[in-house]
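I have placed the structure first, in the form of structure tokens, so that the comments after it can refer back to it.
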Protein chains: 2
Amino acid sequence: MPSRSRVDLQRRIVERQGEFLLFALTPPREATSSERSQAIADATLGRLRQLDPDGLVLYDIDDESDRNPEERPFPFLPTMDPADYLSRHLTGWDIPVVVYRAVGKYAEAQLRSWLGAQEPDRVLSVMVGTSSRDKPVLTSLTRAQALRSEVKPDLLLGGVAIPERHTRRGDEHLRLLEKQAAGCAFFVTQVVYDINAAKNLVSDYHYECAARGQEPVPIVFTFSVCGSMKTLEFLTWLGVDVPRWIQNELSHADGNTLEVSFAEALATARELMTYCRRLGVPFGLNVESVSTRRTEIESSVELAARLLTELRRG
Amino acid sequence: MPSRSRVDLQRRIVERQGEFLLFALTPPREATSSERSQAIADATLGRLRQLDPDGLVLYDIDDESDRNPEERPFPFLPTMDPADYLSRHLTGWDIPVVVYRAVGKYAEAQLRSWLGAQEPDRVLSVMVGTSSRDKPVLTSLTRAQALRSEVKPDLLLGGVAIPERHTRRGDEHLRLLEKQAAGCAFFVTQVVYDINAAKNLVSDYHYECAARGQEPVPIVFTFSVCGSMKTLEFLTWLGVDVPRWIQNELSHADGNTLEVSFAEALATARELMTYCRRLGVPFGLNVESVSTRRTEIESSVELAARLLTELRRG
């Protein structure tokens, strides 16, 4: 039986061991009252306490309507700043939190003071650039990464890894290595449905690291369940490549969409875990609930619990 | 233990059961002497007798330089007509043979007389159109299919299924259904390396059949081993999509290219078998040796033997 005791996330990243599990949340909408936000936070923590993941991920949602001319399946409603949500409502949470920062939204001074206030044994950060080159930014990703090196070099920094971009351009592995040079100690993917896209990226990254005599850092693969065609549509809108056969299975699942997507996510995760272990590329797993529906959230927690038992711990 | 006794290929096709194994050969070069051709045929039959496949496939190689402007990795050398090779050199072969016909190469009268001479309990045929729309043909695929319906309706007819074309155009499943309407009772793919492309095609075909209330016919998936980067280059030239991560594994295999590709082909075949059984789409397997090197041929036979043990027989 695998041990279920939590591992030291920061150490697993720094030592390039991987085999850790994160659970990802999107903060409540900005318009949510403080009382309601606290109630949501309490309910979430209650659910997650039993799961006992190695870390929590808090997304920073940017209005990405500029990156896709298609109409957004769900309307964009600004969400609470994840740093604020953490400091105001998740004070009872004692395990590490990976706070996303869509850096283009923040002025340099804001980022500087936020970085200055963080405790690296509690917080890690994934910095994300803009979704489109034409969008005006307050701070560029490069500048934000430099700020972190200057202000809080001990804060573990992560970057995003996008297998779909690798499918289109073939150079995502080189971007990862550039981000590593800028201080990134781990990477987090968007939701993975296209296993070959993920394997292609891991493979190119692995061989490029080997060619340069560099050690690969952990890549955290994100999974989610999908309980409705609306959620599937949203995933696609976000730029997730969902293979045609999986789309077919979900749309013909006759009320079992959630179960079908659960089985699919589990199978994909297992195959990626086996593949990474074979190559010797450290990895983590991240489960997010894309939808806010209760059944989908519960199924996400169940998926995370299941994946936790398959990690090599201790 | 699965039974190894041969199954009735024609019956398995007509009854849409699938679960059969074919082994594919390319006839010797046209310039080969009759004695040498007989020696090759005898050696091949010796190798295959122990394997005992349910059928043999004989390819009809067309000069396909028109379909790809890139230089062909191996020079095109005309090969013997598979029908001639069969009638002259494989007379000792007593199990069914699937004879490919690149119909554009033949005048209608030639095809007509060939069809007239065939015994449907010994021979099946896969008719293939031209590789490019601009190429002049002596007989079109549609006309050739009609000839078979007229001259020898009992001769089981197959068509080609190209997952890669489905990736580009998304309508290969509709082409399959058109071919079915023209008399095709089974389909054979080109070599499968991209599992998702194959699953996407099977999935769309399955759901389109269901929507039309039609039964799917067996799809025969072709596998091969690849013992060198030259063979890999040739596969790519032929239009086979080899995922980047598999290319990487093969090119970094340090002398174990053949073993790595064997394991890969086996894993892909198993996953497709499981997938088709779950959907209820009948399938067959076909193993071809793309190269003429002895080690690659022997490894192909070994792959076929291994796959044979995984089929549901009896």
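FYI, nothing fancy with the structure tokens labels: chains A, B, ... in order, residues from 1 per chain, ligands from 1 as they appear.
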
Find the spatial neighbours of A:Leu147, counting only C-alpha atoms, within a cut-off of 9 Å - ignore same-chain residues fewer than 5 positions away - and output them as a PDB file with N, CA and C atoms, in the first residue's frame.
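Final output, saved to result_33.pdb:
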ATOM      1  N   GLU A 108       4.451  46.860 -11.391  1.00  0.00           N
ATOM      2  CA  GLU A 108       5.682  46.329 -10.808  1.00  0.00           C
ATOM      3  C   GLU A 108       5.711  46.500  -9.280  1.00  0.00           C
ATOM      4  N   LEU A 111       3.606  43.872  -7.516  1.00  0.00           N
ATOM      5  CA  LEU A 111       4.249  42.553  -7.511  1.00  0.00           C
ATOM      6  C   LEU A 111       5.405  42.533  -6.523  1.00  0.00           C
ATOM      7  N   ARG A 112       6.155  43.636  -6.517  1.00  0.00           N
ATOM      8  CA  ARG A 112       7.300  43.736  -5.623  1.00  0.00           C
ATOM      9  C   ARG A 112       6.859  43.610  -4.154  1.00  0.00           C
ATOM     10  N   LEU A 115       5.604  40.035  -3.449  1.00  0.00           N
ATOM     11  CA  LEU A 115       6.741  39.109  -3.327  1.00  0.00           C
ATOM     12  C   LEU A 115       7.418  39.287  -1.974  1.00  0.00           C
ATOM     13  N   THR A 142       9.117  38.438 -18.176  1.00  0.00           N
ATOM     14  CA  THR A 142      10.563  38.508 -17.946  1.00  0.00           C
ATOM     15  C   THR A 142      10.889  39.421 -16.758  1.00  0.00           C
ATOM     16  N   LYS A 152      12.726  38.040  -3.736  1.00  0.00           N
ATOM     17  CA  LYS A 152      12.476  36.848  -2.909  1.00  0.00           C
ATOM     18  C   LYS A 152      13.005  35.605  -3.620  1.00  0.00           C
ATOM     19  N   PRO A 153      14.332  35.503  -3.717  1.00  0.00           N
ATOM     20  CA  PRO A 153      14.898  34.382  -4.478  1.00  0.00           C
ATOM     21  C   PRO A 153      14.549  33.012  -3.902  1.00  0.00           C
TER      22      PRO A 153
END

* Please, which residues of chain A lie no more than 12 Å from chain B when the count uses only C-alpha atoms, and can they be set out as JSON, numbers by chain? -> {"A": [166, 167, 170, 193, 194, 195, 196, 197, 198, 199, 200, 201, 202, 203, 204, 205, 206, 207, 208, 210, 211, 241, 242, 243, 244, 245, 246, 247, 248, 249, 250, 251, 252, 253, 267, 271, 275, 276, 278, 279]}

Hey, what's within 7 Å of B:Val192 if we count only C-alpha atoms and toss same-chain stuff fewer than 3 positions away? As a PDB file with C-alpha atoms, in the first residue's frame, please?
ATOM      1  CA  ILE B 195      -2.801   5.816 -31.832  1.00  0.00           C
ATOM      2  CA  PHE B 221      -4.768  -2.275 -38.456  1.00  0.00           C
ATOM      3  CA  THR B 222      -1.315  -2.590 -39.881  1.00  0.00           C
ATOM      4  CA  PHE B 223       1.805  -2.621 -37.737  1.00  0.00           C
TER       5      PHE B 223
END

* To do: Please provide as a VMD selection string all residues within 9 Å of stretch 70-78 of chain A, with the sequence filter that same-chain residues fewer than 5 positions apart are discarded (counting only C-alpha atoms).
  => chain A and resid 28 to 31 61 to 65 230 to 231 233 to 234 237 to 238

* Quick one: DSSP strand (DSSP E) residues in stretch 65-221 of chain B, as a list in words? -> Val97, Val98, Val99, Tyr100, Arg101, Ala102, Val123, Leu124, Ser125, Val126, Met127, Val128, Leu157, Gly158, Gly159, Val160, Ala161, Cys184, Ala185, Phe186, Phe187, Val188, Thr189, Gln190, Val191, Ile219, Val220 and Phe221 of chain B

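Taking only C-alpha atoms into account, A:Leu141 lies nearest to A:Ala102 out of the set A:Ala102, A:Leu58, A:Val287, A:Ala181.
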
* Gap from atom CA of A:Arg312 to atom CA of A:Val160 - Å, one decimal -> 23.9 Å

* **Distance query B:Pro120 at most 7 Å, only C-alpha atoms, self and fewer than 3 positions along chain excluded, as a PyMOL selection string** => chain B and resi 123-124+154-156
